[in-house]
>>> print(open('run-v4.txt').read())   # compact mmCIF, C-alpha atoms and all ligand atoms
# COMPACT_ATOMS: atom_id res chain seq x y z
CA MET O 560 1.15 6.41 27.11
CA THR O 561 0.57 4.47 23.91
CA HIS O 562 0.64 6.57 20.78
CA VAL O 563 -2.27 5.55 18.53
CA LEU O 564 -1.24 6.67 15.07
CA ASP O 565 -3.94 8.47 13.08
CA GLY O 566 -3.49 7.51 9.42
CA ASN O 567 -6.10 10.03 8.31
CA ALA O 568 -4.21 12.92 9.91
CA VAL O 569 -0.81 11.82 8.54
CA GLY O 570 -2.39 11.21 5.11
CA ASP O 571 -4.00 14.69 5.13
CA ARG O 572 -0.63 16.33 5.84
CA ILE O 573 0.96 14.48 2.91
CA ARG O 574 -1.98 15.42 0.65
CA ASP O 575 -1.49 19.10 1.55
CA GLY O 576 2.13 18.77 0.39
CA LEU O 577 0.98 17.10 -2.81
CA ARG O 578 -1.35 20.03 -3.58
CA GLU O 579 1.73 22.28 -3.54
CA GLY O 580 3.49 19.92 -5.96
CA ILE O 581 0.40 19.94 -8.19
CA ASP O 582 0.38 23.78 -8.14
CA ASP O 583 4.05 23.72 -9.16
CA LEU O 584 3.27 21.42 -12.06
CA ALA O 585 0.34 23.65 -13.07
CA ASP O 586 2.84 26.51 -13.51
CA ALA O 587 4.48 24.32 -16.15
CA GLY O 588 1.09 23.62 -17.77
CA VAL O 589 0.88 20.06 -16.39
CA THR O 590 -2.09 18.49 -14.60
CA PRO O 591 -1.28 14.99 -13.33
CA GLY O 592 -3.68 12.31 -14.59
CA LEU O 593 -4.40 8.87 -13.15
CA ALA O 594 -6.18 6.22 -15.21
CA THR O 595 -8.06 3.47 -13.40
CA VAL O 596 -9.09 0.33 -15.28
CA LEU O 597 -11.80 -1.92 -13.87
CA MET O 598 -12.55 -5.35 -15.35
CA SER O 599 -14.73 -6.74 -12.62
CA ASP O 600 -18.23 -6.43 -11.21
CA ASP O 601 -17.08 -7.20 -7.68
CA PRO O 602 -18.59 -4.49 -5.44
CA ALA O 603 -15.38 -4.23 -3.35
CA SER O 604 -13.27 -3.54 -6.46
CA GLU O 605 -15.83 -0.97 -7.63
CA THR O 606 -15.65 0.74 -4.23
CA TYR O 607 -11.81 0.80 -4.25
CA VAL O 608 -11.75 2.38 -7.71
CA SER O 609 -14.34 5.02 -6.83
CA MET O 610 -12.43 5.88 -3.61
CA LYS O 611 -9.26 6.37 -5.68
CA MET O 612 -11.07 8.57 -8.22
CA LYS O 613 -12.61 10.69 -5.48
CA ALA O 614 -9.22 11.13 -3.77
CA CYS O 615 -7.74 12.28 -7.10
CA GLU O 616 -10.43 14.94 -7.52
CA GLU O 617 -9.88 16.22 -3.99
CA VAL O 618 -6.22 17.03 -4.59
CA GLY O 619 -6.51 18.20 -8.22
CA ILE O 620 -5.39 15.09 -10.14
CA ASP O 621 -7.37 14.34 -13.33
CA SER O 622 -9.02 10.98 -13.16
CA ILE O 623 -9.61 8.89 -16.25
CA HIS O 624 -11.69 5.73 -15.92
CA ARG O 625 -12.09 2.73 -18.21
CA GLU O 626 -14.52 -0.07 -17.46
CA LEU O 627 -14.43 -3.40 -19.26
CA ASP O 628 -16.89 -6.27 -19.30
CA PRO O 629 -15.41 -9.06 -17.12
CA ASP O 630 -16.27 -11.51 -19.94
CA ALA O 631 -14.43 -9.49 -22.60
CA PRO O 632 -11.35 -11.14 -24.15
CA ALA O 633 -7.99 -10.40 -22.50
CA GLU O 634 -6.90 -8.54 -25.66
CA GLU O 635 -9.44 -5.85 -24.88
CA LEU O 636 -7.72 -5.12 -21.59
CA PHE O 637 -4.25 -5.12 -23.18
CA GLY O 638 -5.55 -2.78 -25.90
CA THR O 639 -6.91 -0.39 -23.26
CA VAL O 640 -3.59 -0.39 -21.37
CA GLU O 641 -1.71 0.26 -24.62
CA GLU O 642 -3.95 3.20 -25.43
CA LEU O 643 -3.38 4.65 -21.93
CA ASN O 644 0.39 4.03 -22.21
CA ASP O 645 0.35 6.22 -25.35
CA ASP O 646 -1.89 8.96 -23.93
CA PRO O 647 0.21 11.95 -22.74
CA ALA O 648 -2.64 13.13 -20.46
CA VAL O 649 -2.27 9.90 -18.47
CA ASN O 650 0.70 9.87 -16.08
CA GLY O 651 -0.28 6.87 -13.98
CA ILE O 652 -2.16 3.66 -14.77
CA LEU O 653 -3.77 1.38 -12.25
CA VAL O 654 -5.49 -1.85 -13.26
CA GLN O 655 -7.67 -2.85 -10.32
CA MET O 656 -6.87 -6.39 -9.18
CA PRO O 657 -8.09 -9.07 -9.24
CA VAL O 658 -8.72 -9.36 -12.98
CA PRO O 659 -10.88 -12.28 -14.25
CA ASP O 660 -9.28 -15.75 -14.34
CA HIS O 661 -8.91 -15.78 -18.13
CA VAL O 662 -6.55 -12.78 -17.92
CA ASP O 663 -2.95 -13.39 -16.81
CA ASP O 664 -2.40 -10.83 -14.05
CA ARG O 665 1.41 -10.95 -14.38
CA GLU O 666 1.08 -10.11 -18.06
CA VAL O 667 -1.16 -7.19 -17.12
CA LEU O 668 1.51 -5.81 -14.78
CA ARG O 669 4.16 -6.20 -17.50
CA SER O 670 1.97 -4.41 -20.07
CA ILE O 671 1.93 -1.12 -18.17
CA ASP O 672 4.61 1.42 -19.13
CA PRO O 673 7.05 1.25 -16.16
CA LEU O 674 7.11 5.07 -16.08
CA LYS O 675 3.32 5.05 -15.53
CA ASP O 676 3.30 2.10 -13.11
CA VAL O 677 2.16 4.00 -10.01
CA ASP O 678 1.45 0.76 -8.12
CA GLY O 679 5.13 -0.13 -8.47
CA PHE O 680 4.41 -3.75 -9.46
CA HIS O 681 6.03 -3.86 -12.93
CA PRO O 682 9.10 -6.17 -12.80
CA GLU O 683 11.35 -3.21 -13.71
CA ASN O 684 10.10 -1.23 -10.73
CA VAL O 685 10.28 -4.26 -8.42
CA GLY O 686 13.89 -4.75 -9.56
CA ARG O 687 14.74 -1.12 -8.93
CA LEU O 688 13.31 -1.35 -5.42
CA VAL O 689 15.30 -4.50 -4.64
CA ALA O 690 18.44 -2.91 -6.09
CA GLY O 691 18.04 0.06 -3.76
CA ASN O 692 17.08 2.58 -6.42
CA PRO O 693 13.28 2.76 -6.26
CA ARG O 694 11.26 4.75 -8.79
CA PHE O 695 7.75 4.10 -7.44
CA LYS O 696 7.56 2.52 -4.01
CA PRO O 697 4.47 0.26 -3.67
CA CYS O 698 1.76 2.31 -1.98
CA THR O 699 0.97 0.31 1.17
CA PRO O 700 4.57 -0.30 2.35
CA HIS O 701 5.48 3.27 1.42
CA GLY O 702 2.52 4.44 3.53
CA VAL O 703 3.80 2.36 6.45
CA GLN O 704 7.22 4.00 6.07
CA LYS O 705 5.58 7.44 6.21
CA LEU O 706 3.59 6.45 9.32
CA LEU O 707 6.75 5.26 11.10
CA ASP O 708 8.43 8.52 10.18
CA ALA O 709 5.45 10.57 11.41
CA ALA O 710 5.70 8.80 14.79
CA ASP O 711 9.50 9.34 14.95
CA VAL O 712 10.06 5.58 15.05
CA GLU O 713 13.72 4.90 14.29
CA THR O 714 14.14 1.97 11.92
CA GLU O 715 17.93 2.10 11.78
CA GLY O 716 19.33 -0.66 13.98
CA ALA O 717 15.84 -1.84 14.98
CA ASP O 718 14.74 -5.47 14.85
CA ALA O 719 11.72 -5.59 12.55
CA VAL O 720 9.37 -8.49 11.86
CA VAL O 721 7.11 -8.45 8.80
CA VAL O 722 4.29 -10.99 8.99
CA GLY O 723 3.34 -11.83 5.37
CA ARG O 724 5.36 -12.24 2.18
CA SER O 725 2.95 -11.14 -0.57
CA ASP O 726 4.23 -9.27 -3.62
CA ILE O 727 2.12 -6.22 -2.79
CA VAL O 728 2.78 -5.81 0.95
CA GLY O 729 5.13 -8.22 2.75
CA LYS O 730 8.01 -8.46 0.27
CA PRO O 731 8.24 -4.77 -0.68
CA MET O 732 7.84 -3.84 3.01
CA ALA O 733 10.82 -6.02 3.93
CA ASN O 734 12.79 -4.58 1.02
CA LEU O 735 12.16 -1.03 2.20
CA LEU O 736 13.15 -1.90 5.77
CA ILE O 737 16.52 -3.37 4.72
CA GLN O 738 17.49 -0.52 2.37
CA LYS O 739 20.60 1.49 3.20
CA ALA O 740 18.39 4.58 3.30
CA ASP O 741 16.16 6.67 5.55
CA GLY O 742 13.32 4.51 6.81
CA GLY O 743 15.48 1.41 6.34
CA ASN O 744 18.60 -0.07 7.94
CA ALA O 745 16.46 -2.39 10.08
CA THR O 746 17.40 -5.99 10.77
CA THR O 747 14.39 -7.60 9.17
CA THR O 748 12.75 -11.01 9.55
CA VAL O 749 9.97 -12.04 7.17
CA CYS O 750 7.41 -14.50 8.58
CA HIS O 751 4.71 -16.43 6.70
CA SER O 752 2.31 -19.32 7.09
CA ARG O 753 5.15 -21.86 7.37
CA THR O 754 7.02 -19.96 10.10
CA GLY O 755 7.61 -22.36 12.99
CA ASP O 756 7.10 -20.21 16.06
CA LEU O 757 5.71 -16.85 15.06
CA ALA O 758 5.31 -15.56 18.61
CA ALA O 759 9.00 -16.20 19.31
CA LYS O 760 9.87 -13.94 16.37
CA THR O 761 7.38 -11.15 17.12
CA ARG O 762 8.34 -11.08 20.82
CA GLU O 763 11.91 -10.16 19.83
CA ALA O 764 10.82 -7.33 17.52
CA ASP O 765 11.05 -3.59 18.08
CA ILE O 766 8.76 -3.11 15.07
CA VAL O 767 6.03 -5.56 14.00
CA ILE O 768 4.30 -5.08 10.65
CA ALA O 769 1.29 -7.39 10.42
CA ALA O 770 0.12 -8.17 6.87
CA ALA O 771 -1.27 -11.70 6.93
CA GLY O 772 -5.00 -11.17 6.48
CA VAL O 773 -5.86 -13.26 9.56
CA PRO O 774 -8.23 -11.52 12.01
CA GLU O 775 -6.56 -10.52 15.29
CA MET O 776 -3.87 -13.22 15.05
CA ILE O 777 -1.31 -11.13 16.96
CA ASP O 778 -2.17 -10.28 20.54
CA GLY O 779 -0.37 -8.45 23.32
CA SER O 780 1.26 -11.64 24.64
CA MET O 781 3.17 -11.93 21.34
CA LEU O 782 4.71 -8.46 21.60
CA LYS O 783 7.71 -6.96 23.31
CA GLU O 784 7.05 -4.17 25.82
CA GLY O 785 7.40 -0.83 24.02
CA ALA O 786 7.12 -2.26 20.49
CA THR O 787 5.80 -0.37 17.49
CA VAL O 788 2.91 -2.26 15.87
CA ILE O 789 1.68 -1.45 12.39
CA ASP O 790 -1.46 -3.33 11.40
CA VAL O 791 -1.93 -3.61 7.63
CA GLY O 792 -4.61 -6.29 7.83
CA VAL O 793 -8.20 -5.51 6.92
CA ASN O 794 -10.56 -8.38 7.72
CA ARG O 795 -14.34 -8.57 7.69
CA VAL O 796 -15.74 -10.48 10.63
CA ASP O 797 -19.39 -11.18 11.43
CA ALA O 798 -20.74 -8.72 13.96
CA ASP O 799 -24.00 -7.48 15.34
CA THR O 800 -23.90 -4.23 13.31
CA GLU O 801 -26.21 -2.75 10.68
CA LYS O 802 -24.05 -4.23 7.92
CA GLY O 803 -23.72 -7.57 9.70
CA TYR O 804 -19.94 -7.31 9.88
CA GLU O 805 -17.10 -5.16 11.19
CA LEU O 806 -13.54 -4.56 10.07
CA VAL O 807 -10.69 -5.78 12.24
CA GLY O 808 -6.97 -5.91 11.70
CA ASP O 809 -4.46 -8.72 12.10
CA VAL O 810 -3.69 -7.39 15.58
CA GLU O 811 -5.94 -7.71 18.61
CA PHE O 812 -5.95 -4.00 19.36
CA GLU O 813 -7.00 -4.00 23.04
CA SER O 814 -4.31 -6.37 24.33
CA ALA O 815 -1.64 -5.05 21.94
CA GLU O 816 -2.28 -1.45 22.99
CA GLU O 817 -1.43 -2.41 26.59
CA VAL O 818 2.09 -3.44 25.54
CA ALA O 819 2.95 -1.30 22.51
CA ASP O 820 4.35 2.22 22.56
CA VAL O 821 3.04 3.00 19.07
CA ILE O 822 0.15 1.24 17.32
CA THR O 823 -2.13 1.78 14.32
CA PRO O 824 -5.91 1.21 14.51
CA VAL O 825 -8.06 -0.58 11.93
CA PRO O 826 -9.75 1.19 10.28
CA GLY O 827 -8.02 4.58 10.22
CA GLY O 828 -4.37 3.50 10.28
CA VAL O 829 -2.61 2.14 7.20
CA GLY O 830 -5.72 2.21 4.94
CA PRO O 831 -5.85 5.99 4.31
CA MET O 832 -2.09 6.01 3.68
CA THR O 833 -2.33 3.55 0.78
CA ILE O 834 -4.50 5.88 -1.33
CA THR O 835 -2.40 8.88 -0.30
CA MET O 836 0.76 7.20 -1.60
CA LEU O 837 -1.01 6.36 -4.87
CA LEU O 838 -1.65 10.09 -5.31
CA TYR O 839 1.99 10.73 -4.37
CA ASN O 840 3.24 8.30 -7.04
CA THR O 841 0.95 9.89 -9.65
CA VAL O 842 2.35 13.36 -8.96
CA LYS O 843 5.86 11.90 -9.04
CA ALA O 844 5.09 10.18 -12.37
CA ALA O 845 3.90 13.47 -13.88
CA SER O 846 7.00 15.22 -12.58
CA LEU O 847 9.32 12.54 -14.06
CA GLN O 848 7.52 12.41 -17.41
CA HIS O 849 7.67 16.20 -17.81
CA ASP O 850 11.16 16.50 -16.36
CA HIS O 851 9.80 19.09 -13.94
CA PRO O 852 11.09 18.27 -10.43
CA VAL O 853 8.70 18.97 -7.57
CA ASP O 854 9.34 18.80 -3.86
CA LEU O 855 7.30 15.90 -2.47
P1 LIG C 901 -1.96 -12.24 0.92
O1 LIG C 901 -3.05 -13.18 1.23
O2 LIG C 901 -1.50 -12.09 -0.49
O3 LIG C 901 -0.68 -12.62 1.80
C1 LIG C 901 -0.81 -12.97 3.14
C2 LIG C 901 0.54 -13.39 3.68
O4 LIG C 901 0.39 -13.69 5.06
C3 LIG C 901 1.12 -14.63 3.01
O5 LIG C 901 2.50 -14.45 2.79
C4 LIG C 901 0.86 -15.75 4.01
O6 LIG C 901 1.85 -16.75 4.04
C5 LIG C 901 0.93 -14.98 5.33
N1 LIG C 901 0.12 -15.65 6.35
C6 LIG C 901 -1.15 -16.10 6.26
N2 LIG C 901 -1.54 -16.68 7.40
C7 LIG C 901 -0.49 -16.62 8.24
C8 LIG C 901 -0.26 -17.07 9.56
N3 LIG C 901 -1.22 -17.70 10.26
N4 LIG C 901 0.94 -16.82 10.11
C9 LIG C 901 1.90 -16.17 9.43
N5 LIG C 901 1.75 -15.71 8.16
C10 LIG C 901 0.56 -15.94 7.58
O7 LIG C 901 -2.42 -10.85 1.52
P2 LIG C 901 -1.95 -9.33 1.22
O8 LIG C 901 -0.49 -9.20 1.45
O9 LIG C 901 -2.52 -8.90 -0.06
O10 LIG C 901 -2.74 -8.57 2.36
C11 LIG C 901 -2.55 -8.84 3.73
C12 LIG C 901 -3.58 -8.11 4.53
O11 LIG C 901 -3.43 -6.72 4.35
C13 LIG C 901 -5.04 -8.41 4.15
O12 LIG C 901 -5.84 -8.36 5.29
C14 LIG C 901 -5.39 -7.29 3.21
O13 LIG C 901 -6.79 -7.01 3.20
C15 LIG C 901 -4.64 -6.16 3.86
N6 LIG C 901 -4.28 -5.06 2.96
C16 LIG C 901 -4.51 -3.81 3.40
C17 LIG C 901 -4.15 -2.73 2.63
C18 LIG C 901 -4.40 -1.38 3.20
O14 LIG C 901 -4.34 -0.43 2.46
N7 LIG C 901 -4.65 -1.25 4.51
C19 LIG C 901 -3.56 -2.87 1.32
C20 LIG C 901 -3.28 -4.24 0.96
C21 LIG C 901 -3.63 -5.29 1.77
P3 LIG C 901 2.13 -17.72 2.78
O15 LIG C 901 2.93 -16.90 1.81
O16 LIG C 901 2.93 -18.83 3.36
O17 LIG C 901 0.81 -18.13 2.25
>>> encode(input="run-v4.txt", output="structure tokens", more="lines below")
Ligand code: NDP
Amino acid sequence: MTHVLDGNAVGDRIRDGLREGIDDLADAGVTPGLATVLMSDDPASETYVSMKMKACEEVGIDSIHRELDPDAPAEELFGTVEELNDDPAVNGILVQMPVPDHVDDREVLRSIDPLKDVDGFHPENVGRLVAGNPRFKPCTPHGVQKLLDAADVETEGADAVVVGRSDIVGKPMANLLIQKADGGNATTTVCHSRTGDLAAKTREADIVIAAAGVPEMIDGSMLKEGATVIDVGVNRVDADTEKGYELVGDVEFESAEEVADVITPVPGGVGPMTITMLLYNTVKAASLQHDHPVDL
């Protein structure tokens, strides 16, 4: 029978473990703190930030929030990041993307102290990941790794296909899968919008990670019997619901479920894991900054 992976349940188990780490840090007089910076009036960004702050409170992480006018000069954002870099109560900093067009987002990522870069997007942390010595693994791919582990899916020796090559999901996901480490050692193919015959690639794969942002683009006919299918995509499509839309993944769940051995739903699969791994990185950041190892 197909195993439908419950991201909320796996995430809750990890959060329980984090609470123990936070208790450990409390014994050393440390409360982890995560700063969120919002420079946008986009309702989706506001919702993401408030979800992250709420998740912090639930596990006992202090949450510090800074909100900037989207029309403010870029220097104001860099000044805020600098102030948070220097604040010892702040262990992790997250600038909610996207930032307004007049702010260079790459410069924003570079401005964050790499030891507080809990998203793992600073070039130093990207380099460490590629070199096989990660400090902070990017939250979504790390969450996928934890889901695979929770379902006892062996990556070593498996043929994996990652659909998508973005800096935040596809590339770091592929990097984690090829590491000589637990959760890695997979033979990994990265597909993107210029891939010639996507179905030919996915049909060969033991593990398919879909992160393209195209509603239900992968159906059961594109999968190998017994495959593991992790759906990162979150897409709004018009629907006859109260809100006028519904969320679907990049995978057509009904037909894929018929073929796959393990599959994640949307919502309730990868989504809850992303925030969980942000909390994980914040606790890890506090532990590194205070040189107080905790078991995570
Ligand atoms: P991006 O738009 O940055 O990247 C999408 C990638 O998919 C690109 O590399 C693009 O190729 C590739 N792609 C697009 N269309 C196709 C196609 N038809 N065939 C093959 N490849 C294609 O998106 P993100 O990586 O930021 O996000 C991907 C999805 O994951 C989105 O739905 C997003 O909402 C979701 N997401 C979910 C998270 C969660 O917590 N669950 C967290 C982050 C993202 P190319 O490079 O050639 O343009």
>>> atom_distance(input="run-v4.txt", atom1="atom CA of O:Pro731", atom2="atom CA of O:Asp621")
27.7 Å
>>> residues_near_ligand(input="run-v4.txt", ligand="ligand LIG 901 (chain C)", cutoff="7 Å", atoms="all atoms listed in the file", output="ChimeraX atom specification")
/O:699,722-729,750-754,757,770-773,791-794,808-809,829-833
>>> closest_residue(input="run-v4.txt", among="O:Glu634, O:Gly651, O:Val796, O:Glu616", to="O:Glu666", atoms="all atoms listed in the file")
O:Glu634
>>> residues_around(input="run-v4.txt", residues="O:Val654", least_positions_apart="2", cutoff="8 Å", atoms="only C-alpha atoms", output="list in words")
Thr595, Val596, Leu597, Ile652, Met656 and Val667 of chain O
>>> write_last_selection(input="run-v4.txt", atoms="C-alpha atoms", output="tab-separated table (two decimals), keeping the file's coordinate frame")
chain	number	residue	atom	x	y	z
O	595	THR	CA	-8.06	3.47	-13.40
O	596	VAL	CA	-9.09	0.33	-15.28
O	597	LEU	CA	-11.80	-1.92	-13.87
O	652	ILE	CA	-2.16	3.66	-14.77
O	656	MET	CA	-6.87	-6.39	-9.18
O	667	VAL	CA	-1.16	-7.19	-17.12
>>> closest_residue(input="run-v4.txt", among="O:Val749, O:Leu847, O:Leu838, O:Leu577", to="O:Met732", atoms="all atoms listed in the file")
O:Val749
>>> atom_distance(input="run-v4.txt", atom1="atom CA of O:Pro826", atom2="atom CA of O:Val712")
20.8 Å
>>> atom_distance(input="run-v4.txt", atom1="atom CA of O:Glu641", atom2="atom CA of O:His624")
14.3 Å
>>> residues_around(input="run-v4.txt", residues="O:Asp711", least_positions_apart="2", cutoff="12 Å", atoms="all atoms listed in the file", output="list in words")
His562, Leu564, Gln704, Lys705, Leu706, Leu707, Asp708, Ala709, Glu713, Thr714, Glu715, Asp741, Gly742, Thr787, Asp820 and Val821 of chain O
>>> closest_residue(input="run-v4.txt", among="O:Lys730, O:Glu775, O:Glu605, O:Leu782", to="O:Arg795", atoms="only C-alpha atoms")
O:Glu775
>>> closest_residue(input="run-v4.txt", among="O:Asp756, O:Asp664, O:Asp678, O:Asp778", to="O:Pro700", atoms="all atoms listed in the file")
O:Asp678
>>> residues_around(input="run-v4.txt", residues="stretch 849-855 of chain O", least_positions_apart="5", cutoff="12 Å", atoms="all atoms listed in the file", output="ChimeraX atom specification")
/O:572-591,647-650,674,836,838-844
>>> closest_residue(input="run-v4.txt", among="O:Val677, O:Ala733, O:Ala614, O:Ile671", to="O:Val640", atoms="all atoms listed in the file")
O:Ile671
>>> residues_around(input="run-v4.txt", residues="O:Arg669", least_positions_apart="5", cutoff="10 Å", atoms="all atoms listed in the file", output="list in words")
Asp664, Asp676, Phe680, His681, Pro682 and Glu683 of chain O
>>> closest_residue(input="run-v4.txt", among="O:Thr835, O:Ser599, O:Thr606, O:Thr748", to="O:Gly570", atoms="only C-alpha atoms")
O:Thr835
>>> build_atoms(input="run-v4.txt", residues="stretch 643-671 of chain O", atoms="N, CA and C atoms", output="compact mmCIF listing (two decimals), in the coordinates of the input")
# COMPACT_ATOMS: atom_id res chain seq x y z
N LEU O 643 -3.70 3.77 -23.06
CA LEU O 643 -3.38 4.65 -21.93
C LEU O 643 -1.87 4.89 -21.85
N ASN O 644 -1.07 3.86 -22.18
CA ASN O 644 0.39 4.03 -22.21
C ASN O 644 0.77 5.15 -23.18
N ASP O 645 0.01 5.25 -24.31
CA ASP O 645 0.35 6.22 -25.35
C ASP O 645 -0.28 7.60 -25.12
N ASP O 646 -1.15 7.70 -24.12
CA ASP O 646 -1.89 8.96 -23.93
C ASP O 646 -1.08 9.92 -23.03
N PRO O 647 -0.63 11.04 -23.55
CA PRO O 647 0.21 11.95 -22.74
C PRO O 647 -0.54 12.58 -21.56
N ALA O 648 -1.88 12.56 -21.59
CA ALA O 648 -2.64 13.13 -20.46
C ALA O 648 -2.67 12.16 -19.28
N VAL O 649 -2.26 10.92 -19.53
CA VAL O 649 -2.27 9.90 -18.47
C VAL O 649 -0.84 9.73 -17.95
N ASN O 650 -0.64 10.02 -16.67
CA ASN O 650 0.70 9.87 -16.08
C ASN O 650 0.82 8.58 -15.29
N GLY O 651 -0.31 8.11 -14.76
CA GLY O 651 -0.28 6.87 -13.98
C GLY O 651 -1.41 5.95 -14.41
N ILE O 652 -1.14 4.65 -14.39
CA ILE O 652 -2.16 3.66 -14.77
C ILE O 652 -2.29 2.63 -13.65
N LEU O 653 -3.53 2.38 -13.28
CA LEU O 653 -3.77 1.38 -12.25
C LEU O 653 -4.85 0.42 -12.75
N VAL O 654 -4.49 -0.83 -12.92
CA VAL O 654 -5.49 -1.85 -13.26
C VAL O 654 -5.92 -2.49 -11.94
N GLN O 655 -7.19 -2.34 -11.61
CA GLN O 655 -7.67 -2.85 -10.32
C GLN O 655 -7.64 -4.39 -10.32
N MET O 656 -6.95 -4.93 -9.33
CA MET O 656 -6.87 -6.39 -9.18
C MET O 656 -7.95 -6.86 -8.19
N PRO O 657 -8.47 -8.06 -8.26
CA PRO O 657 -8.09 -9.07 -9.24
C PRO O 657 -8.79 -8.88 -10.59
N VAL O 658 -8.10 -9.31 -11.66
CA VAL O 658 -8.72 -9.36 -12.98
C VAL O 658 -9.34 -10.76 -13.13
N PRO O 659 -10.26 -10.95 -14.10
CA PRO O 659 -10.88 -12.28 -14.25
C PRO O 659 -9.83 -13.37 -14.52
N ASP O 660 -10.21 -14.61 -14.23
CA ASP O 660 -9.28 -15.75 -14.34
C ASP O 660 -8.68 -15.92 -15.73
N HIS O 661 -9.44 -15.54 -16.78
CA HIS O 661 -8.91 -15.78 -18.13
C HIS O 661 -7.87 -14.73 -18.53
N VAL O 662 -7.58 -13.79 -17.63
CA VAL O 662 -6.55 -12.78 -17.92
C VAL O 662 -5.36 -13.05 -17.01
N ASP O 663 -4.16 -13.11 -17.59
CA ASP O 663 -2.95 -13.39 -16.81
C ASP O 663 -2.52 -12.10 -16.09
N ASP O 664 -2.65 -12.09 -14.77
CA ASP O 664 -2.40 -10.83 -14.05
C ASP O 664 -0.93 -10.39 -14.15
N ARG O 665 -0.01 -11.34 -14.25
CA ARG O 665 1.41 -10.95 -14.38
C ARG O 665 1.65 -10.25 -15.72
N GLU O 666 0.94 -10.75 -16.75
CA GLU O 666 1.08 -10.11 -18.06
C GLU O 666 0.50 -8.70 -18.02
N VAL O 667 -0.56 -8.52 -17.26
CA VAL O 667 -1.16 -7.19 -17.12
C VAL O 667 -0.13 -6.23 -16.51
N LEU O 668 0.52 -6.68 -15.44
CA LEU O 668 1.51 -5.81 -14.78
C LEU O 668 2.65 -5.46 -15.74
N ARG O 669 3.06 -6.44 -16.55
CA ARG O 669 4.16 -6.20 -17.50
C ARG O 669 3.75 -5.27 -18.64
N SER O 670 2.42 -5.20 -18.91
CA SER O 670 1.97 -4.41 -20.07
C SER O 670 1.96 -2.91 -19.78
N ILE O 671 1.99 -2.54 -18.52
CA ILE O 671 1.93 -1.12 -18.17
C ILE O 671 3.31 -0.48 -18.35
